[in-house]
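Shown next: query-v3.csv, given as CSV, C-alpha atoms and all ligand atoms.
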chain,number,residue,atom,x,y,z
A,1175,MET,CA,312.2,236.7,125.6
A,1176,PHE,CA,314.0,238.8,123.0
A,1177,LYS,CA,313.7,242.0,125.0
A,1178,SER,CA,316.1,243.7,122.6
A,1179,PHE,CA,313.7,243.0,119.7
A,1180,GLN,CA,311.1,245.2,121.0
A,1181,LYS,CA,312.4,248.5,119.6
A,1182,GLU,CA,314.4,247.8,116.4
A,1183,ILE,CA,313.4,245.1,114.1
A,1184,ASP,CA,313.3,244.5,110.3
A,1185,LEU,CA,310.1,242.7,109.4
A,1186,ILE,CA,309.9,240.4,106.4
A,1187,GLY,CA,306.8,239.1,104.6
A,1188,ASP,CA,306.0,235.8,103.0
A,1189,ILE,CA,309.1,234.3,101.2
A,1190,HIS,CA,307.6,231.2,99.7
A,1191,GLY,CA,310.9,229.7,98.6
A,1192,HIS,CA,312.2,232.8,96.9
A,1193,TYR,CA,315.7,232.7,98.3
A,1194,ASP,CA,317.3,235.2,95.9
A,1195,GLU,CA,314.8,237.8,96.7
A,1196,LEU,CA,315.4,237.2,100.4
A,1197,ARG,CA,319.1,237.6,100.0
A,1198,ARG,CA,318.6,240.8,98.1
A,1199,LEU,CA,316.2,242.2,100.7
A,1200,LEU,CA,318.6,241.5,103.5
A,1201,GLU,CA,321.3,243.3,101.6
A,1202,LYS,CA,319.1,246.3,101.0
A,1203,MET,CA,318.4,246.3,104.7
A,1204,CYS,CA,322.1,246.6,105.2
A,1205,TYR,CA,322.8,243.1,106.4
A,1206,SER,CA,326.0,241.5,105.2
A,1207,PHE,CA,326.7,237.8,105.0
A,1208,GLN,CA,329.9,236.9,106.7
A,1209,GLN,CA,331.6,233.7,107.9
A,1210,ASN,CA,330.1,234.0,111.4
A,1211,GLY,CA,326.6,234.6,110.0
A,1212,LEU,CA,324.7,237.7,109.2
A,1213,ASN,CA,325.9,241.1,110.4
A,1214,HIS,CA,324.3,244.5,110.7
A,1215,LEU,CA,326.2,247.7,111.6
A,1216,GLU,CA,323.4,248.8,113.9
A,1217,ASN,CA,323.0,245.3,115.3
A,1218,ARG,CA,319.4,245.1,114.2
A,1219,LYS,CA,317.2,242.0,114.3
A,1220,ILE,CA,314.8,240.4,111.9
A,1221,GLY,CA,311.2,239.3,112.3
A,1222,PHE,CA,309.8,236.7,109.8
A,1223,LEU,CA,306.1,236.6,109.3
A,1224,GLY,CA,305.7,233.0,108.2
A,1225,ASP,CA,305.1,231.1,104.9
A,1226,PHE,CA,308.7,230.3,104.1
A,1227,ILE,CA,308.0,227.3,101.9
A,1228,ASN,CA,306.1,226.2,98.7
A,1229,ARG,CA,305.5,228.0,95.4
A,1230,GLY,CA,309.1,229.3,94.8
A,1231,PRO,CA,312.1,227.2,93.9
A,1232,TYR,CA,314.2,227.2,97.0
A,1233,SER,CA,312.1,226.3,100.1
A,1234,VAL,CA,315.0,224.3,101.6
A,1235,LYS,CA,317.5,227.2,101.2
A,1236,VAL,CA,315.0,229.7,102.7
A,1237,LEU,CA,314.3,227.4,105.7
A,1238,SER,CA,318.0,226.8,106.3
A,1239,LEU,CA,318.7,230.5,106.4
A,1240,VAL,CA,315.7,231.5,108.5
A,1241,LYS,CA,316.4,228.6,110.9
A,1242,SER,CA,320.0,229.5,111.4
A,1243,LEU,CA,319.1,233.2,111.9
A,1244,CYS,CA,316.6,232.2,114.6
A,1245,GLU,CA,319.0,229.8,116.3
A,1246,SER,CA,321.8,232.4,116.4
A,1247,GLY,CA,319.4,234.9,118.0
A,1248,ASP,CA,319.4,237.2,115.0
A,1249,ALA,CA,315.8,236.7,114.1
A,1250,VAL,CA,312.4,235.6,115.4
A,1251,ALA,CA,309.7,234.0,113.3
A,1252,VAL,CA,306.0,233.1,113.5
A,1253,LEU,CA,304.4,230.2,111.7
A,1254,GLY,CA,302.5,230.7,108.4
A,1255,ASN,CA,299.5,228.6,107.3
A,1256,HIS,CA,301.9,226.7,104.9
A,1257,GLU,CA,304.2,225.6,107.7
A,1258,PHE,CA,301.2,224.8,109.9
A,1259,ARG,CA,299.7,222.6,107.2
A,1260,LEU,CA,303.0,220.8,106.9
A,1261,ILE,CA,303.0,220.2,110.6
A,1262,GLN,CA,299.4,218.9,110.6
A,1263,ASN,CA,300.3,216.6,107.7
A,1264,SER,CA,303.3,215.2,109.5
A,1265,VAL,CA,301.4,214.6,112.7
A,1266,THR,CA,298.6,212.8,111.0
A,1267,GLY,CA,300.9,210.6,108.9
A,1268,LYS,CA,300.3,212.3,105.6
A,1269,LYS,CA,303.0,212.4,103.0
A,1270,ILE,CA,305.3,215.4,103.2
A,1271,PRO,CA,308.1,216.4,101.0
A,1272,PRO,CA,311.2,214.5,102.3
A,1273,GLU,CA,313.5,217.5,101.9
A,1274,LEU,CA,311.3,219.5,104.4
A,1275,GLU,CA,311.2,216.7,106.9
A,1276,PRO,CA,314.5,217.7,108.7
A,1277,PHE,CA,313.1,221.1,109.4
A,1278,LEU,CA,310.0,219.9,111.2
A,1279,PRO,CA,311.3,219.7,114.8
A,1280,TRP,CA,312.5,223.3,114.5
A,1281,LEU,CA,309.3,224.6,112.7
A,1282,ARG,CA,307.3,223.1,115.6
A,1283,THR,CA,309.1,225.3,118.1
A,1284,LEU,CA,307.9,228.5,116.3
A,1285,PRO,CA,305.1,230.4,117.9
A,1286,LEU,CA,301.7,231.1,116.3
A,1287,PHE,CA,302.0,234.8,117.1
A,1288,LEU,CA,304.4,237.2,119.0
A,1289,ASP,CA,303.3,240.0,121.2
A,1290,PHE,CA,306.2,242.4,122.0
A,1291,GLU,CA,306.0,245.6,124.0
A,1292,THR,CA,306.0,247.8,120.9
A,1293,LEU,CA,304.7,245.6,118.1
A,1294,ARG,CA,302.9,242.4,117.3
A,1295,MET,CA,303.5,239.7,114.7
A,1296,VAL,CA,301.0,237.2,113.3
A,1297,HIS,CA,300.7,235.6,109.8
A,1298,ALA,CA,297.2,236.7,108.9
A,1299,ALA,CA,295.0,238.3,111.6
A,1300,TRP,CA,295.3,239.5,115.2
A,1301,HIS,CA,291.9,238.3,116.4
A,1302,PHE,CA,292.0,239.0,120.1
A,1303,SER,CA,289.8,236.2,121.4
A,1304,SER,CA,291.5,233.6,119.1
A,1305,ILE,CA,294.9,234.7,120.3
A,1306,GLU,CA,293.7,234.5,123.9
A,1307,LEU,CA,292.4,231.0,123.3
A,1308,LEU,CA,295.7,230.0,121.8
A,1309,LEU,CA,297.9,231.5,124.5
A,1310,GLY,CA,300.3,228.8,125.8
A,1311,LYS,CA,299.4,226.4,122.9
A,1312,SER,CA,302.4,224.9,121.1
A,1313,ALA,CA,302.8,223.3,117.7
A,1314,GLU,CA,305.1,220.9,119.5
A,1315,GLU,CA,302.1,219.2,121.2
A,1316,ASP,CA,300.7,216.4,119.0
A,1317,SER,CA,297.4,216.6,120.8
A,1318,PHE,CA,297.0,220.3,120.0
A,1319,ILE,CA,297.8,219.7,116.3
A,1320,VAL,CA,295.2,217.0,116.2
A,1321,GLU,CA,292.6,219.3,117.7
A,1322,THR,CA,293.3,221.9,115.1
A,1323,LEU,CA,291.9,219.4,112.5
A,1324,ASP,CA,288.7,218.7,114.4
A,1325,LYS,CA,285.8,220.7,113.1
A,1326,LYS,CA,284.2,220.7,116.6
A,1327,SER,CA,287.3,222.1,118.3
A,1328,PRO,CA,287.5,225.9,118.9
A,1329,TYR,CA,291.3,225.6,118.2
A,1330,LYS,CA,290.6,224.8,114.6
A,1331,GLN,CA,288.7,228.0,114.1
A,1332,ALA,CA,291.1,230.1,116.1
A,1333,VAL,CA,294.2,228.8,114.1
A,1334,SER,CA,292.4,229.3,110.8
A,1335,ARG,CA,291.5,232.9,111.7
A,1336,ILE,CA,294.9,233.9,112.8
A,1337,LEU,CA,296.9,232.0,110.1
A,1338,SER,CA,294.5,232.2,107.2
A,1339,GLY,CA,292.4,235.3,107.9
A,1340,ILE,CA,288.7,235.8,108.5
A,1341,LYS,CA,286.6,234.9,105.5
A,1342,ILE,CA,283.0,235.3,104.3
A,1343,ARG,CA,281.1,233.6,101.5
A,1344,ILE,CA,280.7,235.7,98.3
A,1345,PRO,CA,277.3,235.4,96.7
A,1346,GLU,CA,277.9,233.6,93.4
A,1347,GLU,CA,275.6,235.9,91.3
A,1348,LEU,CA,278.0,238.8,92.0
A,1349,ASN,CA,280.6,237.2,89.7
A,1350,LEU,CA,283.4,238.7,91.7
A,1351,ILE,CA,286.8,237.5,90.5
A,1352,ASP,CA,290.3,238.0,92.0
A,1353,ARG,CA,293.3,239.4,90.3
A,1354,PHE,CA,294.2,236.0,88.8
A,1355,GLY,CA,290.7,235.8,87.2
A,1356,ILE,CA,289.6,233.1,89.6
A,1357,ARG,CA,286.2,233.1,91.2
A,1358,ARG,CA,286.8,232.4,94.9
A,1359,PRO,CA,283.9,231.1,97.0
A,1360,LYS,CA,285.1,233.3,99.9
A,1361,GLY,CA,286.7,236.7,100.4
A,1362,ARG,CA,289.1,237.7,103.1
A,1363,LEU,CA,287.9,240.5,105.3
A,1364,LYS,CA,289.7,243.6,106.5
A,1365,TRP,CA,289.4,242.2,110.0
A,1366,TRP,CA,290.7,245.4,111.7
A,1367,LYS,CA,287.9,247.7,110.4
A,1368,ASP,CA,284.3,248.4,111.1
A,1369,LEU,CA,282.8,247.0,107.8
A,1370,ARG,CA,279.1,247.3,108.6
A,1371,GLY,CA,277.2,248.8,105.7
A,1372,LYS,CA,280.2,248.6,103.3
A,1373,PRO,CA,280.0,247.0,99.9
A,1374,TYR,CA,281.8,243.7,99.3
A,1375,ASN,CA,284.8,245.2,97.6
A,1376,GLU,CA,285.5,247.6,100.4
A,1377,CYS,CA,285.4,244.7,102.8
A,1378,PHE,CA,288.0,242.5,101.2
A,1379,ILE,CA,291.8,242.9,101.6
A,1380,SER,CA,292.6,241.8,98.1
A,1381,PRO,CA,290.5,243.7,95.5
A,1382,MET,CA,288.0,241.8,93.3
A,1383,THR,CA,286.5,242.8,89.9
A,1384,PRO,CA,284.1,244.3,89.0
A,1385,GLU,CA,284.8,246.8,91.7
A,1386,ILE,CA,281.4,248.4,91.6
A,1387,CYS,CA,278.9,246.6,93.8
A,1388,ASP,CA,276.2,248.0,96.0
A,1389,ARG,CA,275.7,245.0,98.2
A,1390,GLY,CA,277.7,244.0,101.2
A,1391,PRO,CA,277.8,241.4,103.9
A,1392,SER,CA,275.2,241.3,106.6
A,1393,ASP,CA,276.0,242.4,110.1
A,1394,HIS,CA,275.6,238.7,111.1
A,1395,GLU,CA,278.3,237.7,108.7
A,1396,LEU,CA,280.6,240.3,110.2
A,1397,SER,CA,279.9,239.3,113.7
A,1398,GLU,CA,283.2,237.3,114.0
A,1399,LEU,CA,285.2,240.5,113.5
A,1400,GLU,CA,286.9,242.1,116.5
A,1401,LEU,CA,288.2,245.5,115.4
A,1402,TYR,CA,291.8,246.5,115.8
A,1403,PRO,CA,291.8,250.1,117.1
A,1404,LYS,CA,294.4,252.7,116.2
A,1405,THR,CA,295.3,252.9,119.8
A,1406,GLU,CA,296.8,249.4,119.7
A,1407,LYS,CA,300.4,248.8,118.9
A,1408,PRO,CA,301.3,248.1,115.3
A,1409,VAL,CA,300.7,244.5,114.1
A,1410,PHE,CA,302.7,243.1,111.2
A,1411,ILE,CA,301.1,240.4,109.0
A,1412,GLY,CA,301.8,238.6,105.7
A,1413,HIS,CA,299.5,236.2,103.8
A,1414,TYR,CA,297.4,238.4,101.6
A,1415,CYS,CA,299.3,238.6,98.3
A,1416,LEU,CA,298.7,242.3,97.9
A,1417,PRO,CA,299.0,243.6,94.3
A,1418,PRO,CA,301.4,246.5,94.0
A,1419,HIS,CA,298.8,249.3,93.9
A,1420,ILE,CA,297.2,248.3,97.2
A,1421,SER,CA,298.7,250.1,100.3
A,1422,LYS,CA,300.6,247.8,102.7
A,1423,ILE,CA,299.6,250.0,105.6
A,1424,SER,CA,296.1,250.4,106.9
A,1425,GLY,CA,296.0,252.1,110.3
A,1426,GLN,CA,298.1,250.0,112.7
A,1427,VAL,CA,298.0,246.9,110.4
A,1428,ILE,CA,301.0,246.5,108.1
A,1429,CYS,CA,300.8,243.7,105.5
A,1430,LEU,CA,304.2,242.7,104.1
A,1431,ASP,CA,303.0,240.0,101.6
A,1432,GLY,CA,303.4,241.5,98.1
A,1433,CYS,CA,302.9,238.2,96.4
A,1434,VAL,CA,306.5,237.4,95.6
A,1435,THR,CA,305.7,234.4,93.4
A,1436,SER,CA,303.6,236.6,91.0
A,1437,ASP,CA,305.1,240.0,91.3
A,1438,LYS,CA,308.7,239.0,92.1
A,1439,THR,CA,309.0,241.5,94.9
A,1440,LEU,CA,309.6,240.7,98.5
A,1441,TRP,CA,308.6,243.3,101.1
A,1442,GLY,CA,310.1,244.3,104.4
A,1443,TYR,CA,309.6,247.1,107.0
A,1444,HIS,CA,312.3,248.8,109.0
A,1445,TYR,CA,310.6,249.2,112.4
A,1446,LYS,CA,312.3,251.6,114.7
A,1447,GLY,CA,309.6,251.4,117.3
A,1448,ALA,CA,307.5,254.1,119.0
A,1449,GLN,CA,307.3,256.0,115.7
A,1450,LYS,CA,304.4,256.5,113.5
A,1451,ILE,CA,304.0,253.8,110.9
A,1452,CYS,CA,305.1,255.3,107.6
A,1453,PRO,CA,305.4,254.0,104.0
A,1454,SER,CA,308.9,255.4,103.8
A,1455,TYR,CA,310.1,252.5,106.1
A,1456,LEU,CA,308.9,249.9,103.6
A,1457,ILE,CA,311.6,248.2,101.7
A,1458,GLU,CA,311.1,246.1,98.5
A,1459,ALA,CA,313.5,243.8,96.8
A,1460,ARG,CA,313.6,242.0,93.5
A,1461,ALA,CA,316.1,239.2,92.8
A,1462,THR,CA,317.6,241.0,89.8
A,1463,GLU,CA,318.2,244.7,90.6
B,1501,MN,MN,299.8,232.6,104.0

Now, as a test, write the supplied structure out as structure tokens.
Amino acid sequence: MFKSFQKEIDLIGDIHGHYDELRRLLEKMCYSFQQNGLNHLENRKIGFLGDFINRGPYSVKVLSLVKSLCESGDAVAVLGNHEFRLIQNSVTGKKIPPELEPFLPWLRTLPLFLDFETLRMVHAAWHFSSIELLLGKSAEEDSFIVETLDKKSPYKQAVSRILSGIKIRIPEELNLIDRFGIRRPKGRLKWWKDLRGKPYNECFISPMTPEICDRGPSDHELSELELYPKTEKPVFIGHYCLPPHISKISGQVICLDGCVTSDKTLWGYHYKGAQKICPSYLIEARATE
């Protein structure tokens, strides 16, 4: 599938209903909107990393555009945790926003991850054993979706790891708060790194304050982690709402979620394949620039 995507692809992080930023980013990536769809002089393709909906004002417009680009063969996309939750809610008969309902059949055809010859795409974490467990599983199967809601099912944990990241509990007495001033019960680990012996703040993807802390998670708490070696192909992720001063690139892991709802910036990466991952290929777009 999509053999031609393996070498040249423009990756785009979490859009969360921010249609104007998406249009601007596509323009900056040299796509032009024409009557027959989206065009690029170099005939490049797009890879969307999930979380198209919620938070921002235009979820429907974003879904319509991403869907049409996928259907015309101009793009591929993976599911984010927000879309997966929508699918779970619809399968279990919970109320879902009526305007999103028409997109469900298409959303359910999207994969949980993509593994191309020269790159990988997943919303939050490339956790090898979870990915292996989920191989061949499809969000189109009601029985699978129901299992992902069952605490006893290994599918629930696997989906949570790859779509929401790998988390550990933060001891309350440390008083660590995130950039929004909220004390979170759990922190999201840099799942690709060996974190043994590291203090909490060095272990988390999004920084917490105060930054100085001489305690860290136990080896037991880190035992879920499966490192992502530098010898692996690059993996593109979204999900982590990175503040502007945190690097988007860490080894072979490239996080393109720059928290568009808070920081008004949508991030992309111009991937040419077989080249060293480099910050100069990052592209950012604001709606009004
Ligand atoms: Mn997410």

Counting all atoms listed in the file, which residues of chain A fall within 6 Å of ligand MN 1501 (chain B), and what is the closest atom pair for each with its distance in Å at one decimal, ordered by chain and rising number, as a tab-separated table?
residue	atom	partner	partner_atom	distance
A:Asp1225	CA	B:MN1501	MN	5.6
A:Gly1254	CA	B:MN1501	MN	5.5
A:Asn1255	CA	B:MN1501	MN	5.2
A:His1413	CA	B:MN1501	MN	3.6

**Prompt:** Excluding same-chain residues fewer than 3 positions from A:Asp1393, what lies within 7 Å of it counting only C-alpha atoms, as a list of chain:residue names?
**Reply:** A:Arg1370, A:Leu1396, A:Ser1397

**Complete:** Using all atoms listed in the file, the residue out of A:Ile1189, A:Cys1204, A:Met1295, A:Leu1369 with shortest distance to A:Asn1228 is A:Ile1189

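Remark: for A:Phe1287, the closest of the candidate residues A:Pro1271, A:Pro1453, A:Gly1224, A:Pro1381 is A:Gly1224 (distances computed over only C-alpha atoms).
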
**Request:** Within 9 Å of A:Asp1431, counting all atoms listed in the file, which residues show up once you throw out same-chain ones fewer than 4 positions away? Write them as number ranges by chain, please.
**Result:** A: 1186-1189, 1223, 1411-1416, 1422, 1440-1442

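The shortest atom-to-atom distance to A:Tyr1232, with all atoms listed in the file taken into account, belongs to A:Asp1194 out of A:Glu1406, A:Asp1194, A:Glu1400, A:Glu1306.
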
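The spacing separating atom CA of A:Pro1279 from atom CA of A:Glu1245 amounts to 12.8 Å.
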
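Across the model, the gap from atom CA of A:Ile1227 to atom CA of A:Gly1191 is 5.0 Å.
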
Please, which residues are within 8 Å of (296.7, 237.0, 112.1) by the file's coordinates, counting all atoms listed in the file, and could they come as a PDB file with C-alpha atoms, in the coordinates of the input?
ATOM      1  CA  PHE A1287     302.000 234.800 117.100  1.00  0.00           C
ATOM      2  CA  MET A1295     303.500 239.700 114.700  1.00  0.00           C
ATOM      3  CA  VAL A1296     301.000 237.200 113.300  1.00  0.00           C
ATOM      4  CA  HIS A1297     300.700 235.600 109.800  1.00  0.00           C
ATOM      5  CA  ALA A1298     297.200 236.700 108.900  1.00  0.00           C
ATOM      6  CA  ALA A1299     295.000 238.300 111.600  1.00  0.00           C
ATOM      7  CA  TRP A1300     295.300 239.500 115.200  1.00  0.00           C
ATOM      8  CA  HIS A1301     291.900 238.300 116.400  1.00  0.00           C
ATOM      9  CA  ARG A1335     291.500 232.900 111.700  1.00  0.00           C
ATOM     10  CA  ILE A1336     294.900 233.900 112.800  1.00  0.00           C
ATOM     11  CA  LEU A1337     296.900 232.000 110.100  1.00  0.00           C
ATOM     12  CA  SER A1338     294.500 232.200 107.200  1.00  0.00           C
ATOM     13  CA  GLY A1339     292.400 235.300 107.900  1.00  0.00           C
ATOM     14  CA  ILE A1411     301.100 240.400 109.000  1.00  0.00           C
TER      15      ILE A1411
END

**Message:** Please report the interatomic distance between atom CA of A:Gly1361 and atom CA of A:Thr1405 in Å with one decimal.
**Reply:** 26.7 Å

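Closest approach to A:Gln1262 among A:Lys1311, A:Lys1446, A:Leu1323, A:Lys1241 is made by A:Leu1323 (distances from only C-alpha atoms).
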
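By only C-alpha atoms, and with residues fewer than 5 positions from A:Glu1216 along its chain excluded, the set lying at most 12 Å from it is Glu1182, Ile1183, Asp1184, Met1203, Cys1204, Tyr1205, Ser1206 and Lys1446 of chain A.
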
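Restricting the calculation to all atoms listed in the file, the smallest distance between A:Ser1380 and any of A:Leu1278, A:Gly1425, A:Cys1433, A:Gln1331 is found for A:Cys1433.
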
**Prompt:** Could you pull the residues within 10 Å of A:Pro1359, counting only C-alpha atoms, minus those fewer than 3 positions along the same chain, as an MDAnalysis selection string?
**Reply:** chainID A and resid 1341:1346 1350:1351 1356

**Asked** For the point (314.7, 224.1, 109.9) in file coordinates, what residues are within 8 Å, counting all atoms listed in the file? Give the answer as a ChimeraX atom specification?
**Response** /A:1237-1238,1240-1242,1274,1276-1281
